[in-house]
Structure formats: structure tokens, C-alpha cells
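Below: run-v1.txt (compact mmCIF, C-alpha atoms)
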# COMPACT_ATOMS: atom_id res chain seq x y z
CA MET A 1 -17.61 -29.31 31.11
CA ALA A 2 -18.12 -27.13 28.04
CA LYS A 3 -16.17 -28.09 24.95
CA PHE A 4 -13.39 -25.70 23.90
CA ASP A 5 -14.52 -23.60 20.92
CA ALA A 6 -11.79 -21.31 19.60
CA THR A 7 -14.17 -19.52 17.22
CA GLN A 8 -16.56 -18.53 19.98
CA MET A 9 -13.69 -17.43 22.19
CA ALA A 10 -12.32 -15.06 19.54
CA ASN A 11 -13.30 -11.42 19.53
CA PRO A 12 -16.50 -10.87 17.49
CA GLY A 13 -14.74 -8.63 14.96
CA VAL A 14 -12.07 -11.28 14.33
CA ARG A 15 -14.72 -13.95 13.68
CA GLU A 16 -16.04 -11.88 10.78
CA LEU A 17 -12.68 -11.57 9.04
CA GLN A 18 -11.07 -13.57 6.28
CA PRO A 19 -7.25 -13.85 6.15
CA TYR A 20 -5.52 -11.30 3.95
CA GLN A 21 -5.04 -12.80 0.50
CA ALA A 22 -1.61 -11.96 -0.85
CA GLY A 23 -0.59 -12.41 -4.48
CA LYS A 24 0.10 -15.98 -5.52
CA PRO A 25 3.79 -16.83 -4.99
CA MET A 26 5.86 -17.53 -8.10
CA ASP A 27 7.39 -20.77 -6.83
CA GLU A 28 3.97 -22.10 -5.79
CA LEU A 29 2.63 -21.66 -9.31
CA GLN A 30 5.72 -23.30 -10.78
CA ARG A 31 5.22 -26.33 -8.51
CA GLU A 32 1.50 -26.58 -9.24
CA LEU A 33 1.69 -26.33 -13.02
CA GLY A 34 5.26 -27.48 -13.70
CA LEU A 35 6.13 -24.20 -15.41
CA ASP A 36 9.74 -23.31 -16.19
CA LYS A 37 9.17 -19.59 -16.30
CA VAL A 38 6.67 -17.43 -14.43
CA VAL A 39 6.10 -13.68 -14.53
CA THR A 40 4.58 -12.22 -11.39
CA LEU A 41 2.66 -8.97 -11.79
CA ALA A 42 0.41 -9.36 -8.76
CA SER A 43 1.78 -7.48 -5.77
CA ASN A 44 2.86 -4.01 -6.98
CA GLU A 45 6.53 -4.75 -6.38
CA ASN A 46 9.42 -2.84 -7.91
CA PRO A 47 10.67 -4.94 -10.86
CA LEU A 48 14.20 -3.49 -10.86
CA GLY A 49 15.54 -5.64 -8.05
CA ILE A 50 17.35 -4.33 -5.00
CA SER A 51 19.64 -1.38 -5.61
CA ALA A 52 23.41 -1.94 -5.73
CA ARG A 53 23.94 0.51 -2.86
CA VAL A 54 21.44 -1.30 -0.64
CA LYS A 55 22.88 -4.68 -1.50
CA GLN A 56 26.37 -3.55 -0.54
CA ALA A 57 25.12 -2.06 2.73
CA LEU A 58 23.31 -5.27 3.67
CA GLN A 59 26.49 -7.29 3.25
CA GLY A 60 28.07 -5.23 5.99
CA GLU A 61 25.22 -6.00 8.40
CA ILE A 62 25.26 -9.79 8.19
CA ASP A 63 27.92 -10.40 10.83
CA ASP A 64 25.92 -8.48 13.44
CA LEU A 65 22.65 -10.36 13.06
CA ILE A 66 23.18 -12.08 16.42
CA ARG A 67 22.35 -8.69 17.98
CA TYR A 68 18.91 -7.19 18.39
CA PRO A 69 18.22 -4.24 16.09
CA ASP A 70 18.08 -0.70 17.40
CA ALA A 71 14.61 -0.65 18.96
CA ASN A 72 14.25 3.07 18.31
CA GLY A 73 15.67 3.05 14.77
CA PHE A 74 17.80 6.11 15.52
CA TYR A 75 19.66 6.35 12.21
CA LEU A 76 16.63 5.69 10.00
CA LYS A 77 14.47 8.11 11.96
CA SER A 78 17.21 10.74 11.67
CA LYS A 79 17.43 10.19 7.92
CA ILE A 80 13.64 10.49 7.53
CA ALA A 81 13.55 13.58 9.73
CA ASP A 82 16.30 15.26 7.69
CA LYS A 83 14.74 14.41 4.35
CA PHE A 84 11.26 15.65 5.25
CA SER A 85 12.20 18.48 7.61
CA VAL A 86 10.50 17.08 10.69
CA ALA A 87 11.70 16.15 14.17
CA THR A 88 12.73 12.58 14.93
CA ASN A 89 10.06 12.35 17.63
CA GLN A 90 7.42 12.80 14.91
CA VAL A 91 8.48 9.58 13.14
CA THR A 92 7.11 6.11 13.91
CA LEU A 93 8.67 3.09 12.21
CA GLY A 94 6.81 -0.04 11.23
CA ASN A 95 7.18 -3.47 9.69
CA GLY A 96 5.89 -2.02 6.44
CA SER A 97 3.30 0.76 6.48
CA ASN A 98 0.64 -1.91 7.20
CA ASP A 99 2.15 -2.20 10.65
CA VAL A 100 1.86 1.55 11.17
CA LEU A 101 -1.78 1.58 10.00
CA GLU A 102 -2.63 -1.10 12.53
CA LEU A 103 -0.70 0.72 15.27
CA LEU A 104 -2.77 3.83 14.62
CA ALA A 105 -6.06 1.96 14.84
CA ARG A 106 -5.06 0.08 17.98
CA THR A 107 -3.83 3.24 19.67
CA PHE A 108 -6.79 5.52 18.99
CA VAL A 109 -9.86 3.47 18.07
CA SER A 110 -12.06 1.34 20.33
CA ASP A 111 -15.15 -0.79 19.86
CA GLN A 112 -17.22 2.32 20.57
CA HIS A 113 -15.98 4.10 17.46
CA GLU A 114 -16.48 4.25 13.70
CA VAL A 115 -13.77 4.29 11.04
CA ILE A 116 -14.40 5.76 7.59
CA PHE A 117 -12.74 4.70 4.35
CA SER A 118 -13.68 4.48 0.68
CA GLN A 119 -15.21 1.61 -1.22
CA HIS A 120 -12.48 -0.09 -3.32
CA ALA A 121 -9.83 1.10 -0.84
CA PHE A 122 -7.01 -0.93 0.71
CA VAL A 123 -8.33 -4.05 2.43
CA VAL A 124 -6.25 -3.43 5.58
CA TYR A 125 -8.55 -0.55 6.60
CA PRO A 126 -11.65 -2.69 7.22
CA LEU A 127 -9.45 -5.51 8.48
CA VAL A 128 -7.90 -3.54 11.34
CA THR A 129 -11.21 -1.80 12.06
CA LYS A 130 -13.09 -5.05 12.53
CA ALA A 131 -10.24 -6.70 14.42
CA ILE A 132 -10.54 -4.14 17.22
CA GLY A 133 -14.34 -4.30 17.22
CA ALA A 134 -14.93 -0.85 15.74
CA THR A 135 -17.58 -0.15 13.12
CA PRO A 136 -16.35 0.15 9.52
CA VAL A 137 -18.03 2.78 7.35
CA ALA A 138 -17.29 2.25 3.65
CA VAL A 139 -18.34 5.29 1.62
CA PRO A 140 -19.40 4.44 -1.96
CA ALA A 141 -16.68 5.28 -4.45
CA LYS A 142 -16.90 8.06 -7.01
CA ASP A 143 -15.39 7.10 -10.36
CA TYR A 144 -13.60 4.23 -8.56
CA GLY A 145 -11.99 6.69 -6.14
CA HIS A 146 -12.68 8.59 -2.94
CA ASP A 147 -15.87 10.62 -2.71
CA LEU A 148 -14.55 13.25 -0.32
CA GLU A 149 -17.92 14.99 0.08
CA GLY A 150 -19.51 11.64 0.86
CA MET A 151 -16.81 10.88 3.42
CA LEU A 152 -17.40 14.22 5.16
CA ALA A 153 -21.13 13.53 5.22
CA ALA A 154 -20.47 10.11 6.82
CA ILE A 155 -18.82 11.66 9.90
CA THR A 156 -20.81 11.15 13.10
CA PRO A 157 -20.07 11.75 16.80
CA LYS A 158 -18.71 8.17 16.85
CA THR A 159 -16.20 8.73 14.04
CA LYS A 160 -12.62 8.44 15.32
CA MET A 161 -10.51 7.89 12.21
CA ILE A 162 -10.62 8.32 8.43
CA PHE A 163 -8.30 6.42 6.12
CA VAL A 164 -7.50 8.08 2.79
CA ALA A 165 -5.23 6.33 0.28
CA ASN A 166 -3.64 8.63 -2.27
CA PRO A 167 -2.99 7.14 -4.78
CA ASN A 168 -5.49 4.45 -3.96
CA ASN A 169 -4.88 0.73 -4.14
CA PRO A 170 -6.22 -1.21 -6.06
CA THR A 171 -7.73 1.42 -8.35
CA GLY A 172 -4.80 3.84 -8.71
CA THR A 173 -7.11 6.84 -8.43
CA PHE A 174 -5.67 10.15 -7.25
CA LEU A 175 -6.91 13.12 -5.24
CA PRO A 176 -5.58 16.53 -6.39
CA THR A 177 -3.84 18.67 -3.80
CA ASP A 178 -6.52 21.35 -3.46
CA ALA A 179 -9.34 18.84 -3.01
CA LEU A 180 -7.36 16.87 -0.44
CA TYR A 181 -6.39 19.97 1.53
CA ASP A 182 -9.97 21.28 1.57
CA PHE A 183 -11.17 17.88 2.79
CA ILE A 184 -8.71 17.72 5.69
CA LYS A 185 -9.58 21.30 6.64
CA GLN A 186 -13.25 20.34 7.00
CA VAL A 187 -12.67 17.23 9.12
CA PRO A 188 -13.38 17.96 12.82
CA ASP A 189 -10.31 18.25 15.03
CA ASN A 190 -11.37 15.24 17.10
CA VAL A 191 -11.28 12.93 14.04
CA MET A 192 -7.90 11.63 12.89
CA VAL A 193 -7.10 11.64 9.16
CA VAL A 194 -4.62 8.96 8.10
CA LEU A 195 -3.21 9.78 4.67
CA ASP A 196 -1.76 6.56 3.25
CA GLU A 197 0.82 7.51 0.61
CA ALA A 198 2.35 4.12 -0.18
CA TYR A 199 2.59 5.08 -3.89
CA TYR A 200 3.58 8.72 -3.36
CA GLU A 201 6.87 8.49 -5.25
CA TYR A 202 5.07 7.58 -8.49
CA ILE A 203 3.08 10.82 -8.51
CA PRO A 204 4.55 13.42 -10.92
CA ASN A 205 6.51 16.01 -8.94
CA ASP A 206 4.26 18.89 -9.91
CA GLU A 207 1.15 17.04 -8.69
CA ARG A 208 2.43 15.86 -5.30
CA ALA A 209 0.69 17.31 -2.27
CA PRO A 210 2.98 18.83 0.39
CA SER A 211 1.27 16.51 2.84
CA ILE A 212 4.01 16.34 5.44
CA GLU A 213 4.17 20.14 5.53
CA TRP A 214 0.45 20.12 6.39
CA LEU A 215 1.26 18.48 9.74
CA ALA A 216 2.18 21.93 11.06
CA GLU A 217 -1.42 23.04 10.42
CA PHE A 218 -3.40 19.88 11.19
CA GLU A 219 -2.63 18.16 14.48
CA ASN A 220 -5.09 15.38 13.61
CA LEU A 221 -3.23 14.40 10.41
CA VAL A 222 -0.93 11.40 10.06
CA VAL A 223 1.01 10.63 6.84
CA THR A 224 2.22 7.09 6.17
CA ARG A 225 4.80 5.99 3.60
CA THR A 226 6.53 2.72 2.71
CA PHE A 227 9.82 1.40 1.35
CA SER A 228 8.05 -1.57 -0.26
CA LYS A 229 7.11 0.02 -3.58
CA ALA A 230 9.32 2.55 -5.37
CA TYR A 231 12.27 1.88 -3.06
CA GLY A 232 12.21 -1.82 -3.91
CA LEU A 233 12.29 -3.29 -0.39
CA ALA A 234 9.00 -5.22 -0.23
CA GLY A 235 10.71 -8.35 1.10
CA LEU A 236 12.30 -6.50 4.00
CA ARG A 237 9.15 -4.71 5.22
CA ALA A 238 9.86 -1.18 6.34
CA GLY A 239 7.47 1.73 6.54
CA PHE A 240 6.88 4.82 8.63
CA SER A 241 4.46 7.52 9.63
CA VAL A 242 5.01 11.20 10.30
CA SER A 243 2.66 12.90 12.73
CA SER A 244 2.65 15.21 15.71
CA ALA A 245 5.09 14.20 18.44
CA ALA A 246 2.12 13.50 20.74
CA ILE A 247 0.59 10.98 18.31
CA ALA A 248 3.95 9.29 17.74
CA ASP A 249 4.56 9.03 21.48
CA LEU A 250 1.25 7.26 22.04
CA MET A 251 1.86 4.86 19.14
CA ASN A 252 5.27 3.96 20.52
CA ARG A 253 3.68 2.91 23.81
CA ILE A 254 2.10 -0.12 22.13
CA ARG A 255 4.55 -0.65 19.27
CA GLN A 256 6.19 -4.07 19.49
CA PRO A 257 9.87 -3.96 20.52
CA PHE A 258 12.20 -4.47 17.55
CA ASN A 259 9.28 -4.33 15.07
CA VAL A 260 11.71 -3.38 12.30
CA ASN A 261 14.63 -5.76 11.86
CA ALA A 262 18.27 -4.75 11.50
CA LEU A 263 18.51 -5.43 7.77
CA SER A 264 15.35 -3.44 7.09
CA LEU A 265 16.61 -0.48 9.10
CA LYS A 266 19.90 -0.38 7.20
CA ALA A 267 18.32 -0.99 3.78
CA ALA A 268 15.73 1.75 4.26
CA GLU A 269 18.35 4.18 5.52
CA VAL A 270 20.49 3.67 2.41
CA ALA A 271 17.54 3.53 0.00
CA LEU A 272 16.26 6.89 1.17
CA ASP A 273 19.42 8.50 -0.24
CA ASP A 274 19.57 6.48 -3.47
CA ASP A 275 18.05 9.10 -5.74
CA ASP A 276 19.37 7.49 -8.95
CA TYR A 277 17.65 4.20 -8.18
CA LEU A 278 14.38 5.93 -7.31
CA ALA A 279 14.46 7.98 -10.52
CA GLU A 280 15.04 4.83 -12.58
CA ALA A 281 12.18 3.04 -10.82
CA VAL A 282 9.83 5.89 -11.63
CA ARG A 283 11.06 6.04 -15.26
CA VAL A 284 10.61 2.30 -15.83
CA ASN A 285 7.17 2.47 -14.26
CA ALA A 286 6.05 5.32 -16.53
CA LEU A 287 7.20 3.44 -19.65
CA GLY A 288 5.54 0.23 -18.48
CA MET A 289 2.31 2.06 -17.74
CA GLN A 290 2.21 3.39 -21.29
CA GLN A 291 2.95 -0.10 -22.61
CA LEU A 292 -0.10 -1.53 -20.81
CA ILE A 293 -2.31 1.43 -21.70
CA ARG A 294 -1.47 1.02 -25.40
CA PHE A 295 -2.45 -2.65 -25.17
CA CYS A 296 -5.76 -1.77 -23.52
CA GLU A 297 -6.62 0.87 -26.07
CA GLN A 298 -5.63 -1.30 -29.03
CA HIS A 299 -7.83 -4.15 -27.77
CA ASN A 300 -10.70 -2.04 -26.38
CA PHE A 301 -10.20 -2.92 -22.72
CA ASN A 302 -11.40 -0.28 -20.30
CA TYR A 303 -8.98 0.57 -17.52
CA ILE A 304 -8.88 2.84 -14.47
CA PRO A 305 -6.30 5.63 -14.99
CA SER A 306 -3.62 5.01 -12.39
CA TYR A 307 -1.06 7.04 -10.47
CA GLY A 308 0.47 3.93 -8.92
CA ASN A 309 2.72 1.17 -10.24
CA PHE A 310 -0.20 -0.93 -11.47
CA LEU A 311 -3.14 -0.74 -13.84
CA THR A 312 -6.58 -2.15 -13.03
CA ILE A 313 -8.15 -3.44 -16.22
CA GLU A 314 -11.79 -4.34 -16.88
CA VAL A 315 -11.81 -7.75 -18.56
CA GLY A 316 -15.51 -8.62 -18.10
CA PRO A 317 -17.62 -11.01 -16.01
CA ASP A 318 -15.21 -13.88 -16.68
CA ALA A 319 -12.39 -12.13 -14.82
CA ASP A 320 -11.69 -15.08 -12.54
CA ASP A 321 -11.58 -17.46 -15.49
CA ILE A 322 -9.17 -15.13 -17.30
CA TYR A 323 -7.03 -14.97 -14.16
CA GLN A 324 -6.84 -18.77 -14.10
CA LYS A 325 -5.96 -18.90 -17.79
CA LEU A 326 -3.19 -16.36 -17.24
CA LEU A 327 -1.80 -18.60 -14.49
CA HIS A 328 -1.56 -21.45 -17.00
CA GLU A 329 0.26 -19.05 -19.29
CA GLY A 330 2.77 -18.45 -16.51
CA VAL A 331 1.57 -14.91 -15.69
CA ILE A 332 0.35 -13.98 -12.21
CA VAL A 333 -1.88 -10.92 -11.83
CA ARG A 334 -4.27 -9.94 -9.05
CA PRO A 335 -8.02 -10.60 -9.01
CA VAL A 336 -9.84 -7.80 -7.20
CA ALA A 337 -13.33 -9.23 -6.70
CA GLY A 338 -12.70 -8.88 -2.97
CA TYR A 339 -12.59 -5.12 -3.53
CA GLN A 340 -16.03 -5.20 -5.20
CA LEU A 341 -14.40 -5.13 -8.63
CA PRO A 342 -15.40 -8.57 -9.94
CA ASN A 343 -14.90 -7.65 -13.61
CA HIS A 344 -11.36 -6.33 -13.17
CA LEU A 345 -7.82 -7.60 -12.80
CA ARG A 346 -5.01 -5.54 -11.31
CA VAL A 347 -1.74 -5.79 -13.21
CA SER A 348 1.48 -4.57 -11.62
CA ILE A 349 3.96 -2.78 -13.86
CA GLY A 350 6.98 -4.97 -14.57
CA LEU A 351 10.01 -4.77 -16.79
CA PRO A 352 9.21 -4.31 -20.51
CA GLU A 353 9.60 -8.02 -21.23
CA GLU A 354 7.37 -8.93 -18.27
CA ASN A 355 4.66 -6.54 -19.42
CA GLN A 356 4.98 -8.02 -22.89
CA ALA A 357 4.55 -11.52 -21.50
CA PHE A 358 1.24 -10.44 -19.99
CA ILE A 359 0.17 -8.75 -23.24
CA GLU A 360 0.96 -11.79 -25.35
CA ALA A 361 -0.77 -14.12 -22.90
CA MET A 362 -3.90 -11.95 -23.04
CA GLU A 363 -3.79 -11.90 -26.81
CA ARG A 364 -3.68 -15.70 -26.86
CA ILE A 365 -6.57 -15.94 -24.42
CA PHE A 366 -8.74 -13.50 -26.37
CA LYS A 367 -7.82 -14.53 -29.89

Take the structure in the file and write it out as C-alpha cells.
Amino acid sequence: MAKFDATQMANPGVRELQPYQAGKPMDELQRELGLDKVVTLASNENPLGISARVKQALQGEIDDLIRYPDANGFYLKSKIADKFSVATNQVTLGNGSNDVLELLARTFVSDQHEVIFSQHAFVVYPLVTKAIGATPVAVPAKDYGHDLEGMLAAITPKTKMIFVANPNNPTGTFLPTDALYDFIKQVPDNVMVVLDEAYYEYIPNDERAPSIEWLAEFENLVVTRTFSKAYGLAGLRAGFSVSSAAIADLMNRIRQPFNVNALSLKAAEVALDDDDYLAEAVRVNALGMQQLIRFCEQHNFNYIPSYGNFLTIEVGPDADDIYQKLLHEGVIVRPVAGYQLPNHLRVSIGLPEENQAFIEAMERIFK
């Protein structure tokens, strides 16, 4: 009898993958190094803490946690539909926007297809592509960002989906509205464009693309957003996509029942209306970005101009060593060698004192 071999039994695409590497947890570092205080600037989280309105709303949900959540997310979908002037049947909810990205791939892509994305783009794109046995096509980056002409040239009869992150993670690069629109217009109708706008709220108002409005023109377009970043709900995991009703219907056929929990549904519903909190998050981020940029320019560190809530800084070939030294200083940032950026570290924007802790730690390391 043949010996059981789990690796050989797994799908070929899964065998090629490595587990997603999240930012190092704060309490883990404290345990390892016996540190009293740790600053975590690794995972692009909102440093403000949960909003007072959301916190109050969650208190009112606790007594009902013995019940399953609303599987269709009626109230949150209605709120999203009202805010973005779409129909509720165009909205798909997910356990974070990662969940929605995977739903899209699983719904529309098979092992006979190709999926295009940019070099240095979000690691989930190749992960979900390989997991379903499709062929990943990573187009070389242009100035650390998307080469839209190169992505168009990479389209073949096997291309089924294109992921575009705007702003991009982990580089923070940004595609202007006209360039993005012209790109989508040139993509064949039988190729789906997934516009991942996890950091959309950090884009200055006058530079934001009316991407959801474009859905009326492009039936092959899907826009994804998240509550994990500017809305401050990373720990609750809520995200959504807006698409044609036909796309949303197909995604819902394989979406896991109750994929968004009751607390997440309520928190996201309230957060979507909390304009004061969102404005403060954007303000604090802009000030923190300037704080880190000043440090880089004063100390001659190159950085990638960013439209997100993070700055990716070139620290040289010893980037991993510097990362380790920062850990011993009680500061957690994100190495990005896995994104083919071995000389860089990605630093999330924190509160002023957290940014300063990073700056002072770097100054000690490089003195």
C-alpha cells in the first residue's frame, strides 16, 4: 500500500506556494526580546484606534452574538449602495477585500487561464492565481509601479483577469485617472479588470478616479475596497466589491455563508458614515508621511513616493539586518524582499510619537 503523502496529494499550484507572511505581532516581539514597549509600523493599520461611534455600536451587538450574522449583509450593502450610488445587487461583501479578491479568482478563472498583475504588486494576486492552478503573468514594473502599456501587451487569448492596485501595495505608487481610464478602455471585453482600491481614501480628493462610476461603461470592471485601512477596522476584517449585478450574482454562488461576522457588519456600517473619523485619519496620515519624508531627505535615504498610509524606504543591501536591528529597538516594520525589493523596508505611518520612535531608532542604527 502506498504511503500517504499530503504534499503530492495537494493541487500543483498549492505545492508551489509559501504561506502569506503577515507583519510580526507586537506581543510576539515583546515575548522574544523582553521589551516593555514596542511600536508596530508593519501592517498599514490605522494608528488612531477604533472610532468612538463604532465602539459604541459594537457594545450594542454583544448580546446577540449567539445568533448567526445576516448572511446577505442587508444593512451594510444598503449603506454602501447609498453612498456610492449603486444597486445593492452590485455589492459583494467579504472577510476583508482579500476575501473578495479570492472570490473573484475562484469564480472566473480556471487552470486554463492566465492572470496578469504588476511586479511589486500585492502578494495575494499570485497567491490566489497559483492556488487555482492558473498561470500568473507578472509584468515588470515601471518606476516601481504598474506599466500599463506592458500589461496590455501581455494580454493573450488565455488572459482571464487583470489585477490593478491603485495605490499599489507595497510601493505606494499611483495611476492617474486618465491613464487608468484609457487602460481599462483598451482591455478586451472578455478580460476582467479588478481595480483594488484598498488605499483609496488616502488619495487627495482632486486626484481620485471616479472608478465606481465607470462600472456603467465597463461591464468587465470590478472595484474592491476595504474597511481595514482608513476606516480603522483591520481586526474585524470587512471589505467589499462593486461590480455588475451579473458578476456579483456569480460570486455569491460560491461565497461562504456568513463570511462577514456580525460585529464586522455593524462596525463597517457605522464607520462608513463616520466622516469626522475618516477625515482625521487622512490628516494624521498626511502629517506622518511628511515626518518620514523629512527624515529620509535629511539622511539621504531614497524612498518611493507614496499615496498610501506607508512609505517604502531604500536602506541598502543590509535591509534584513536593519530590520532585525529595528526589532531589537522595539520597532516593527515590514521587509519587502518577497516583493523583489530586497534593499527596501516598508514603514507604515503611525502617530507622531510612533514615527519618531522609528526615526530615532534608525538614527541610532546608522550613527

### Task
For segment 298-306 of chain A, list every protein, DNA or RNA residue within 10 Å, evaluated using all atoms listed in the file, and leave out those in the same chain fewer than 3 positions away; present the list as a ChimeraX atom specification.
/A:143-145,167-174,202-203,289,292-295,309-316,344-346,362-363,366

Tell me, counting only C-alpha atoms, for each residue of segment 68-143 of chain A within 9 Å of segment 243-265 of chain A, which pair of atoms is nearest and how far apart they are in Å to one decimal, in rows ordered by chain and increasing number, as CSV.
residue,atom,partner,partner_atom,distance
A:Tyr68,CA,A:Phe258,CA,7.3
A:Pro69,CA,A:Ala262,CA,4.6
A:Asp70,CA,A:Phe258,CA,7.0
A:Ala71,CA,A:Phe258,CA,4.7
A:Asn72,CA,A:Phe258,CA,7.9
A:Gly73,CA,A:Leu265,CA,6.7
A:Tyr75,CA,A:Leu265,CA,8.1
A:Leu76,CA,A:Leu265,CA,6.2
A:Ala87,CA,A:Ala245,CA,8.1
A:Thr88,CA,A:Ala245,CA,8.6
A:Asn89,CA,A:Ala245,CA,5.4
A:Gln90,CA,A:Ala245,CA,4.5
A:Val91,CA,A:Ala248,CA,6.5
A:Thr92,CA,A:Ala248,CA,5.9
A:Leu93,CA,A:Val260,CA,7.1
A:Gly94,CA,A:Val260,CA,6.0
A:Asn95,CA,A:Val260,CA,5.2
A:Gly96,CA,A:Val260,CA,8.4
A:Asp99,CA,A:Asn259,CA,8.7
A:Val100,CA,A:Met251,CA,8.6
A:Leu103,CA,A:Met251,CA,6.2
A:Leu104,CA,A:Met251,CA,6.6
A:Arg106,CA,A:Ile254,CA,8.3
A:Thr107,CA,A:Met251,CA,5.9
A:Phe108,CA,A:Met251,CA,8.7

### Proximity to Val109 of chain A - best of A:Lys367, A:Arg283, A:Lys158, A:Lys77, only C-alpha atoms
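Among the listed residues, the smallest separation from Val109 of chain A belongs to A:Lys158.
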
### Task
Record the distance separating atom CA of Leu341 of chain A and atom CA of Ile132 of chain A, expressed in Å with one decimal.
26.2 Å

### Query
A:Ala57, A:Ala281, A:Ile162, A:Val242: which is nearest Ala81 of chain A, counting all atoms listed in the file?
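Of A:Ala57, A:Ala281, A:Ile162, A:Val242, the one nearest Ala81 of chain A, counting all atoms listed in the file, is A:Val242.
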
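If you measure from each of A:Ala198, A:Ile116, A:Val123, A:Tyr181 to Ala153 of chain A using all atoms listed in the file, the closest one turns out to be A:Ile116.
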
### Message
I need the residue nearest Leu287 of chain A from this list: A:Gly330, A:Pro342, A:Pro352, A:Pro210. Use only C-alpha atoms for the distance.
### Response
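Looking only at the distances to Leu287 of chain A, the closest residue turns out to be A:Pro352.
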
Please produce segment 343-351 of chain A, completed to all heavy atoms, as a PDB file, in the frame of the given file.
ATOM      1  N   ASN A 343     -15.173  -7.608 -12.160  1.00  0.00           N
ATOM      2  CA  ASN A 343     -14.900  -7.650 -13.610  1.00  0.00           C
ATOM      3  C   ASN A 343     -13.502  -7.165 -13.960  1.00  0.00           C
ATOM      4  O   ASN A 343     -13.182  -7.011 -15.131  1.00  0.00           O
ATOM      5  CB  ASN A 343     -15.931  -6.807 -14.367  1.00  0.00           C
ATOM      6  CG  ASN A 343     -17.337  -7.369 -14.260  1.00  0.00           C
ATOM      7  OD1 ASN A 343     -17.525  -8.534 -13.919  1.00  0.00           O
ATOM      8  ND2 ASN A 343     -18.324  -6.547 -14.530  1.00  0.00           N
ATOM      9  N   HIS A 344     -12.679  -6.918 -12.949  1.00  0.00           N
ATOM     10  CA  HIS A 344     -11.360  -6.330 -13.170  1.00  0.00           C
ATOM     11  C   HIS A 344     -10.238  -7.245 -12.717  1.00  0.00           C
ATOM     12  O   HIS A 344     -10.429  -8.117 -11.862  1.00  0.00           O
ATOM     13  CB  HIS A 344     -11.244  -5.001 -12.409  1.00  0.00           C
ATOM     14  CG  HIS A 344     -12.103  -3.898 -12.933  1.00  0.00           C
ATOM     15  ND1 HIS A 344     -13.471  -3.869 -12.763  1.00  0.00           N
ATOM     16  CD2 HIS A 344     -11.783  -2.766 -13.618  1.00  0.00           C
ATOM     17  CE1 HIS A 344     -13.961  -2.769 -13.321  1.00  0.00           C
ATOM     18  NE2 HIS A 344     -12.959  -2.085 -13.844  1.00  0.00           N
ATOM     19  N   LEU A 345      -9.063  -7.014 -13.276  1.00  0.00           N
ATOM     20  CA  LEU A 345      -7.820  -7.600 -12.800  1.00  0.00           C
ATOM     21  C   LEU A 345      -6.813  -6.465 -12.624  1.00  0.00           C
ATOM     22  O   LEU A 345      -6.734  -5.561 -13.457  1.00  0.00           O
ATOM     23  CB  LEU A 345      -7.262  -8.616 -13.815  1.00  0.00           C
ATOM     24  CG  LEU A 345      -8.086  -9.881 -14.057  1.00  0.00           C
ATOM     25  CD1 LEU A 345      -7.473 -10.703 -15.182  1.00  0.00           C
ATOM     26  CD2 LEU A 345      -8.201 -10.723 -12.789  1.00  0.00           C
ATOM     27  N   ARG A 346      -6.060  -6.542 -11.536  1.00  0.00           N
ATOM     28  CA  ARG A 346      -5.010  -5.540 -11.310  1.00  0.00           C
ATOM     29  C   ARG A 346      -3.677  -6.105 -11.789  1.00  0.00           C
ATOM     30  O   ARG A 346      -3.285  -7.202 -11.389  1.00  0.00           O
ATOM     31  CB  ARG A 346      -4.916  -5.174  -9.830  1.00  0.00           C
ATOM     32  CG  ARG A 346      -4.042  -3.956  -9.553  1.00  0.00           C
ATOM     33  CD  ARG A 346      -3.764  -3.813  -8.065  1.00  0.00           C
ATOM     34  NE  ARG A 346      -2.894  -4.904  -7.595  1.00  0.00           N
ATOM     35  CZ  ARG A 346      -2.638  -5.149  -6.316  1.00  0.00           C
ATOM     36  NH1 ARG A 346      -3.192  -4.420  -5.373  1.00  0.00           N
ATOM     37  NH2 ARG A 346      -1.843  -6.150  -5.982  1.00  0.00           N
ATOM     38  N   VAL A 347      -2.998  -5.346 -12.619  1.00  0.00           N
ATOM     39  CA  VAL A 347      -1.740  -5.790 -13.210  1.00  0.00           C
ATOM     40  C   VAL A 347      -0.630  -4.847 -12.758  1.00  0.00           C
ATOM     41  O   VAL A 347      -0.650  -3.648 -13.064  1.00  0.00           O
ATOM     42  CB  VAL A 347      -1.819  -5.794 -14.753  1.00  0.00           C
ATOM     43  CG1 VAL A 347      -0.538  -6.365 -15.344  1.00  0.00           C
ATOM     44  CG2 VAL A 347      -3.036  -6.585 -15.221  1.00  0.00           C
ATOM     45  N   SER A 348       0.334  -5.374 -12.033  1.00  0.00           N
ATOM     46  CA  SER A 348       1.480  -4.570 -11.620  1.00  0.00           C
ATOM     47  C   SER A 348       2.368  -4.274 -12.829  1.00  0.00           C
ATOM     48  O   SER A 348       2.455  -5.084 -13.758  1.00  0.00           O
ATOM     49  CB  SER A 348       2.303  -5.309 -10.558  1.00  0.00           C
ATOM     50  OG  SER A 348       1.519  -5.617  -9.428  1.00  0.00           O
ATOM     51  N   ILE A 349       3.033  -3.138 -12.791  1.00  0.00           N
ATOM     52  CA  ILE A 349       3.960  -2.780 -13.860  1.00  0.00           C
ATOM     53  C   ILE A 349       5.279  -3.512 -13.639  1.00  0.00           C
ATOM     54  O   ILE A 349       5.890  -3.397 -12.569  1.00  0.00           O
ATOM     55  CB  ILE A 349       4.215  -1.261 -13.895  1.00  0.00           C
ATOM     56  CG1 ILE A 349       2.893  -0.489 -13.986  1.00  0.00           C
ATOM     57  CG2 ILE A 349       5.155  -0.901 -15.048  1.00  0.00           C
ATOM     58  CD1 ILE A 349       2.087  -0.753 -15.211  1.00  0.00           C
ATOM     59  N   GLY A 350       5.712  -4.256 -14.647  1.00  0.00           N
ATOM     60  CA  GLY A 350       6.980  -4.970 -14.570  1.00  0.00           C
ATOM     61  C   GLY A 350       8.010  -4.381 -15.512  1.00  0.00           C
ATOM     62  O   GLY A 350       7.855  -3.259 -16.012  1.00  0.00           O
ATOM     63  N   LEU A 351       9.054  -5.138 -15.757  1.00  0.00           N
ATOM     64  CA  LEU A 351      10.010  -4.770 -16.790  1.00  0.00           C
ATOM     65  C   LEU A 351       9.335  -4.893 -18.158  1.00  0.00           C
ATOM     66  O   LEU A 351       8.319  -5.591 -18.291  1.00  0.00           O
ATOM     67  CB  LEU A 351      11.234  -5.682 -16.713  1.00  0.00           C
ATOM     68  CG  LEU A 351      12.049  -5.594 -15.410  1.00  0.00           C
ATOM     69  CD1 LEU A 351      13.120  -6.683 -15.397  1.00  0.00           C
ATOM     70  CD2 LEU A 351      12.663  -4.211 -15.250  1.00  0.00           C
TER      71      LEU A 351
END
